[in-house]
>>> print(open('run_31.pdb').read())   # PDB, C-alpha atoms
ATOM      1  CA  MET Q   1      23.325  -9.722-101.444
ATOM      2  CA  ILE Q   2      20.982 -10.687-104.244
ATOM      3  CA  VAL Q   3      21.567  -8.638-107.387
ATOM      4  CA  ILE Q   4      18.796  -8.031-109.926
ATOM      5  CA  PHE Q   5      19.356  -6.437-113.275
ATOM      6  CA  GLY Q   6      18.101  -6.135-116.790
ATOM      7  CA  PRO Q   7      17.367  -3.406-119.294
ATOM      8  CA  ALA Q   8      15.502  -0.193-118.453
ATOM      9  CA  GLY Q   9      11.793  -0.863-117.983
ATOM     10  CA  VAL Q  10      12.046  -4.569-117.169
ATOM     11  CA  GLY Q  11      10.945  -4.083-113.564
ATOM     12  CA  LYS Q  12      14.240  -4.399-111.668
ATOM     13  CA  SER Q  13      13.348  -1.954-108.935
ATOM     14  CA  THR Q  14       9.812  -3.242-108.518
ATOM     15  CA  GLN Q  15      10.958  -6.848-108.205
ATOM     16  CA  ALA Q  16      13.926  -5.946-105.997
ATOM     17  CA  GLN Q  17      11.646  -4.033-103.606
ATOM     18  CA  ILE Q  18       9.166  -6.917-103.424
ATOM     19  CA  LEU Q  19      11.971  -9.398-102.779
ATOM     20  CA  ALA Q  20      13.621  -7.151-100.178
ATOM     21  CA  ASP Q  21      10.314  -6.867 -98.301
ATOM     22  CA  LYS Q  22       9.751 -10.616 -98.460
ATOM     23  CA  LEU Q  23      13.245 -11.339 -97.122
ATOM     24  CA  ASP Q  24      13.391  -8.427 -94.631
ATOM     25  CA  ARG Q  25      16.339  -6.924 -96.489
ATOM     26  CA  LYS Q  26      17.080  -3.406 -97.654
ATOM     27  CA  TRP Q  27      16.480  -2.513-101.285
ATOM     28  CA  LEU Q  28      19.198  -0.486-102.963
ATOM     29  CA  SER Q  29      19.202   0.710-106.551
ATOM     30  CA  ALA Q  30      22.130   2.044-108.549
ATOM     31  CA  GLY Q  31      19.779   4.498-110.232
ATOM     32  CA  GLN Q  32      18.320   5.759-106.960
ATOM     33  CA  ILE Q  33      21.777   6.042-105.379
ATOM     34  CA  ILE Q  34      22.845   8.190-108.354
ATOM     35  CA  ARG Q  35      19.690  10.325-108.146
ATOM     36  CA  ASP Q  36      20.162  10.777-104.382
ATOM     37  CA  SER Q  37      23.829  11.714-104.833
ATOM     38  CA  GLY Q  38      23.076  15.032-106.514
ATOM     39  CA  LYS Q  39      25.125  13.988-109.553
ATOM     40  CA  PHE Q  40      22.115  12.755-111.538
ATOM     41  CA  ASN Q  41      21.433  15.856-113.646
ATOM     42  CA  ASP Q  42      25.100  16.149-114.637
ATOM     43  CA  PHE Q  43      24.849  12.828-116.425
ATOM     44  CA  THR Q  44      21.282  12.636-117.729
ATOM     45  CA  SER Q  45      21.490  16.077-119.325
ATOM     46  CA  LYS Q  46      24.221  14.614-121.549
ATOM     47  CA  ALA Q  47      22.612  11.124-121.782
ATOM     48  CA  ALA Q  48      25.943   9.931-120.368
ATOM     49  CA  MET Q  49      26.771   7.161-117.965
ATOM     50  CA  ILE Q  50      28.240   8.033-114.570
ATOM     51  CA  ASP Q  51      31.961   7.271-114.342
ATOM     52  CA  GLU Q  52      32.753   3.884-112.813
ATOM     53  CA  LYS Q  53      34.925   5.114-109.952
ATOM     54  CA  THR Q  54      32.290   7.548-108.678
ATOM     55  CA  LEU Q  55      29.554   4.957-109.035
ATOM     56  CA  ILE Q  56      31.377   2.221-107.112
ATOM     57  CA  GLU Q  57      32.187   4.677-104.309
ATOM     58  CA  LEU Q  58      28.499   5.599-104.039
ATOM     59  CA  ILE Q  59      27.374   1.950-104.080
ATOM     60  CA  SER Q  60      30.012   0.768-101.609
ATOM     61  CA  GLY Q  61      29.025   3.520 -99.199
ATOM     62  CA  ALA Q  62      25.326   2.670 -99.448
ATOM     63  CA  VAL Q  63      25.933  -1.071 -98.905
ATOM     64  CA  ALA Q  64      28.196  -0.343 -95.918
ATOM     65  CA  ASP Q  65      25.472   1.856 -94.397
ATOM     66  CA  VAL Q  66      22.940  -0.988 -94.683
ATOM     67  CA  GLU Q  67      25.383  -3.507 -93.206
ATOM     68  CA  ARG Q  68      25.964  -1.218 -90.230
ATOM     69  CA  GLU Q  69      22.196  -1.473 -89.645
ATOM     70  CA  GLY Q  70      22.612  -5.277 -89.493
ATOM     71  CA  LYS Q  71      20.730  -5.917 -92.729
ATOM     72  CA  ASP Q  72      21.467  -7.561 -96.039
ATOM     73  CA  VAL Q  73      20.734  -6.088 -99.470
ATOM     74  CA  VAL Q  74      18.691  -6.748-102.579
ATOM     75  CA  PHE Q  75      20.386  -4.602-105.188
ATOM     76  CA  ASP Q  76      19.328  -3.577-108.667
ATOM     77  CA  GLY Q  77      20.981  -1.937-111.617
ATOM     78  CA  GLN Q  78      24.617  -2.941-111.236
ATOM     79  CA  PRO Q  79      27.137  -4.239-112.243
ATOM     80  CA  GLY Q  80      26.284  -3.642-115.888
ATOM     81  CA  SER Q  81      29.601  -3.930-117.712
ATOM     82  CA  PRO Q  82      32.810  -5.976-117.434
ATOM     83  CA  GLU Q  83      34.525  -2.837-116.109
ATOM     84  CA  GLN Q  84      31.909  -2.489-113.380
ATOM     85  CA  VAL Q  85      32.346  -6.155-112.450
ATOM     86  CA  SER Q  86      36.070  -5.470-111.984
ATOM     87  CA  TYR Q  87      35.265  -2.566-109.669
ATOM     88  CA  TRP Q  88      32.846  -4.797-107.730
ATOM     89  CA  VAL Q  89      35.616  -7.380-107.328
ATOM     90  CA  GLU Q  90      38.242  -4.795-106.290
ATOM     91  CA  SER Q  91      35.895  -3.157-103.773
ATOM     92  CA  GLY Q  92      34.857  -6.470-102.190
ATOM     93  CA  LEU Q  93      31.205  -6.102-103.237
ATOM     94  CA  MET Q  94      31.376  -9.225-105.421
ATOM     95  CA  ASP Q  95      32.233 -11.330-102.357
ATOM     96  CA  LYS Q  96      28.839 -10.379-100.888
ATOM     97  CA  VAL Q  97      26.824 -11.528-103.934
ATOM     98  CA  GLU Q  98      24.737 -14.671-103.336
ATOM     99  CA  CYS Q  99      23.292 -14.805-106.853
ATOM    100  CA  VAL Q 100      22.333 -12.650-109.801
ATOM    101  CA  LEU Q 101      18.863 -12.492-111.356
ATOM    102  CA  VAL Q 102      18.565 -11.202-114.918
ATOM    103  CA  LEU Q 103      15.071 -10.051-115.874
ATOM    104  CA  LYS Q 104      14.343 -10.119-119.609
ATOM    105  CA  ALA Q 105      11.542  -8.763-121.772
ATOM    106  CA  PRO Q 106      11.206  -7.720-125.444
ATOM    107  CA  GLU Q 107      12.047  -4.105-126.335
ATOM    108  CA  GLU Q 108       8.438  -3.252-127.207
ATOM    109  CA  VAL Q 109       7.350  -4.322-123.704
ATOM    110  CA  LEU Q 110      10.143  -2.251-122.152
ATOM    111  CA  ILE Q 111       9.206   0.883-124.135
ATOM    112  CA  GLU Q 112       5.528   0.452-123.224
ATOM    113  CA  ARG Q 113       6.369   0.171-119.522
ATOM    114  CA  LEU Q 114       8.782   3.106-119.623
ATOM    115  CA  SER Q 115       6.229   5.361-121.305
ATOM    116  CA  GLY Q 116       4.022   5.221-118.207
ATOM    117  CA  ARG Q 117       6.712   5.824-115.620
ATOM    118  CA  GLY Q 118       6.940   9.630-115.543
ATOM    119  CA  ARG Q 119      10.483  10.153-114.207
ATOM    120  CA  GLU Q 120      12.540  13.188-115.170
ATOM    121  CA  ASP Q 121      14.994  11.118-117.272
ATOM    122  CA  ASP Q 122      12.199   9.447-119.228
ATOM    123  CA  ASP Q 123      12.302  10.059-122.942
ATOM    124  CA  ILE Q 124      12.427   7.546-125.752
ATOM    125  CA  SER Q 125      15.961   8.408-126.923
ATOM    126  CA  ASN Q 126      17.383   7.906-123.408
ATOM    127  CA  TRP Q 127      15.433   4.625-123.046
ATOM    128  CA  LYS Q 128      16.735   3.264-126.330
ATOM    129  CA  LYS Q 129      20.316   4.227-125.426
ATOM    130  CA  LYS Q 130      20.003   2.460-122.068
ATOM    131  CA  ILE Q 131      18.383  -0.640-123.599
ATOM    132  CA  ASP Q 132      20.991  -0.781-126.395
ATOM    133  CA  TYR Q 133      23.833  -0.324-123.897
ATOM    134  CA  PHE Q 134      22.528  -3.173-121.766
ATOM    135  CA  GLU Q 135      22.042  -5.488-124.755
ATOM    136  CA  GLN Q 136      25.553  -4.746-126.056
ATOM    137  CA  LYS Q 137      27.179  -5.449-122.684
ATOM    138  CA  ILE Q 138      25.041  -8.248-121.195
ATOM    139  CA  TYR Q 139      26.972 -11.329-122.278
ATOM    140  CA  SER Q 140      30.400  -9.903-121.542
ATOM    141  CA  PHE Q 141      29.510  -8.856-118.006
ATOM    142  CA  LEU Q 142      27.528 -12.023-117.254
ATOM    143  CA  THR Q 143      30.535 -14.076-118.333
ATOM    144  CA  GLU Q 144      32.736 -11.967-116.075
ATOM    145  CA  ILE Q 145      30.377 -12.400-113.101
ATOM    146  CA  GLU Q 146      30.194 -16.151-113.701
ATOM    147  CA  SER Q 147      33.997 -16.329-113.741
ATOM    148  CA  HIS Q 148      33.852 -15.243-110.089
ATOM    149  CA  GLY Q 149      31.720 -18.251-109.181
ATOM    150  CA  LYS Q 150      28.375 -16.454-108.974
ATOM    151  CA  GLN Q 151      25.143 -18.149-109.998
ATOM    152  CA  ILE Q 152      23.135 -16.311-112.651
ATOM    153  CA  PHE Q 153      19.458 -16.990-113.219
ATOM    154  CA  GLU Q 154      17.437 -15.594-116.114
ATOM    155  CA  ILE Q 155      13.845 -14.690-115.284
ATOM    156  CA  ASP Q 156      11.070 -13.965-117.774
ATOM    157  CA  GLY Q 157      10.079 -10.361-117.050
ATOM    158  CA  ASN Q 158       6.857 -10.503-119.103
ATOM    159  CA  GLY Q 159       3.494 -10.455-117.407
ATOM    160  CA  SER Q 160       2.073  -8.850-114.319
ATOM    161  CA  ILE Q 161       4.159  -7.753-111.354
ATOM    162  CA  GLU Q 162       2.766 -10.706-109.383
ATOM    163  CA  GLU Q 163       3.582 -13.219-112.136
ATOM    164  CA  VAL Q 164       7.184 -12.032-112.388
ATOM    165  CA  SER Q 165       7.539 -11.914-108.596
ATOM    166  CA  ASP Q 166       6.282 -15.486-108.388
ATOM    167  CA  ARG Q 167       8.844 -16.593-110.996
ATOM    168  CA  VAL Q 168      11.622 -14.870-109.048
ATOM    169  CA  TRP Q 169      10.588 -16.509-105.776
ATOM    170  CA  ARG Q 170      10.195 -19.979-107.312
ATOM    171  CA  LYS Q 171      13.664 -19.747-108.885
ATOM    172  CA  LEU Q 172      15.280 -18.685-105.594
ATOM    173  CA  GLU Q 173      13.490 -21.473-103.711
ATOM    174  CA  ALA Q 174      14.430 -24.066-106.330
ATOM    175  CA  LYS Q 175      18.086 -23.020-106.125
ATOM    176  CA  LYS Q 176      17.929 -22.956-102.293
ATOM    177  CA  ILE Q 177      18.876 -19.280-102.102
ATOM    178  CA  VAL Q 178      15.876 -18.507 -99.851
TER     179      VAL Q 178
END
>>> encode(input="run_31.pdb", output="structure tokens")
Amino acid sequence: MIVIFGPAGVGKSTQAQILADKLDRKWLSAGQIIRDSGKFNDFTSKAAMIDEKTLIELISGAVADVEREGKDVVFDGQPGSPEQVSYWVESGLMDKVECVLVLKAPEEVLIERLSGRGREDDDISNWKKKIDYFEQKIYSFLTEIESHGKQIFEIDGNGSIEEVSDRVWRKLEAKKIV
């Protein structure tokens, strides 16, 4: 499993889908799994985060479904906190991780991208909360992931979709992941 994450608006899902297609893998997204679960409105109406136990159960089930199909996963949006990393370790998901890609872009770029997205949870206060949450947690959860022997690669998320995709692919080739 290749894991891609970064703040809201950085292009995680777009890049994960492109990479999944290129590698003939299945794309899974924490956000989409939550939306598909029927629990989405319970959390976004309060601008709250889904509880960790529920989230890991949803993710584990989705990954297991893909594995039963004989495929591997490109995953985006998780783990995003030291607590989530612990759940990934306990559930066995961390053992499946080949590497982690962290997409980065300045906040003004993220807000500009988010403003054109048009999803039901899109409003500037929710975006800022999600971006702030990610920025507050990033180093603690990256350190935790690294402590489990996983390679982490930062990718510049600025530029066109094609430019970012090319950077992702070049990094994975250079590190002999693909």
>>> residues_around(input="run_31.pdb", residues="range 158-168 of chain Q", least_positions_apart="2", cutoff="8 Å", atoms="all atoms listed in the file", output="list in words")
Thr14, Gln15, Ile18, Leu19, Leu101, Lys104, Ala105, Val109, Ile155, Asp156, Arg170, Lys171 and Leu172 of chain Q
>>> closest_residue(input="run_31.pdb", among="Q:Leu55, Q:Ile124, Q:Ile111, Q:Ile145", to="Val3 in chain Q", atoms="all atoms listed in the file")
Q:Ile145
>>> closest_residue(input="run_31.pdb", among="Q:Asp72, Q:Glu83, Q:Glu67, Q:Asp51", to="Leu23 in chain Q", atoms="all atoms listed in the file")
Q:Asp72
>>> closest_residue(input="run_31.pdb", among="Q:Val74, Q:Leu142, Q:Ile131, Q:Val85", to="Lys53 in chain Q", atoms="only C-alpha atoms")
Q:Val85
>>> closest_residue(input="run_31.pdb", among="Q:Glu173, Q:Val73, Q:His148, Q:Ser37", to="Ala20 in chain Q", atoms="all atoms listed in the file")
Q:Val73
>>> closest_residue(input="run_31.pdb", among="Q:Glu135, Q:Val10, Q:Arg25, Q:Asn126", to="Gly70 in chain Q", atoms="only C-alpha atoms")
Q:Arg25
>>> atom_distance(input="run_31.pdb", atom1="CA of Leu114 in chain Q", atom2="CA of Val100 in chain Q")
23.0 Å
>>> atom_distance(input="run_31.pdb", atom1="CA of Glu69 in chain Q", atom2="CA of Asp24 in chain Q")
12.3 Å
>>> closest_residue(input="run_31.pdb", among="Q:Val89, Q:Leu103, Q:Leu28, Q:Leu110", to="Ala64 in chain Q", atoms="only C-alpha atoms")
Q:Leu28
>>> resolve_selection(input="run_31.pdb", expression="the PyMOL selection byres ((chain Q and resi 31) around 10)", output="number ranges by chain")
Q: 13, 28-30, 32-37, 40, 55, 76-78
>>> write_last_selection(input="run_31.pdb", atoms="C-alpha atoms", output="short mmCIF file (atom, residue, chain, number, x, y, z; two decimals), in the frame of the given file")
data_model
loop_
_atom_site.label_atom_id
_atom_site.label_comp_id
_atom_site.auth_asym_id
_atom_site.auth_seq_id
_atom_site.Cartn_x
_atom_site.Cartn_y
_atom_site.Cartn_z
CA SER Q 13 13.35 -1.95 -108.94
CA LEU Q 28 19.20 -0.49 -102.96
CA SER Q 29 19.20 0.71 -106.55
CA ALA Q 30 22.13 2.04 -108.55
CA GLN Q 32 18.32 5.76 -106.96
CA ILE Q 33 21.78 6.04 -105.38
CA ILE Q 34 22.84 8.19 -108.35
CA ARG Q 35 19.69 10.32 -108.15
CA ASP Q 36 20.16 10.78 -104.38
CA SER Q 37 23.83 11.71 -104.83
CA PHE Q 40 22.12 12.76 -111.54
CA LEU Q 55 29.55 4.96 -109.04
CA ASP Q 76 19.33 -3.58 -108.67
CA GLY Q 77 20.98 -1.94 -111.62
CA GLN Q 78 24.62 -2.94 -111.24
#
>>> axis_aligned_box(input="run_31.pdb", around="range 153-156 of chain Q", padding_each_side="5 Å", output="JSON")
{"center_x": 15.3, "center_y": -15.5, "center_z": -115.5, "size_x": 18.4, "size_y": 13.0, "size_z": 14.6}
>>> atom_distance(input="run_31.pdb", atom1="CA of Asp95 in chain Q", atom2="CA of Phe75 in chain Q")
13.9 Å
>>> residues_around(input="run_31.pdb", residues="Glu112 in chain Q", least_positions_apart="4", cutoff="12 Å", atoms="all atoms listed in the file", output="MDAnalysis selection string")
chainID Q and resid 8:11 105:108 116:117 122:124 127:128 158
>>> resolve_selection(input="run_31.pdb", expression="the PyMOL selection byres ((chain Q and resi 141) around 12)", output="MDAnalysis selection string")
chainID Q and resid 5:6 78:88 100 102 133:140 142:148 150 152
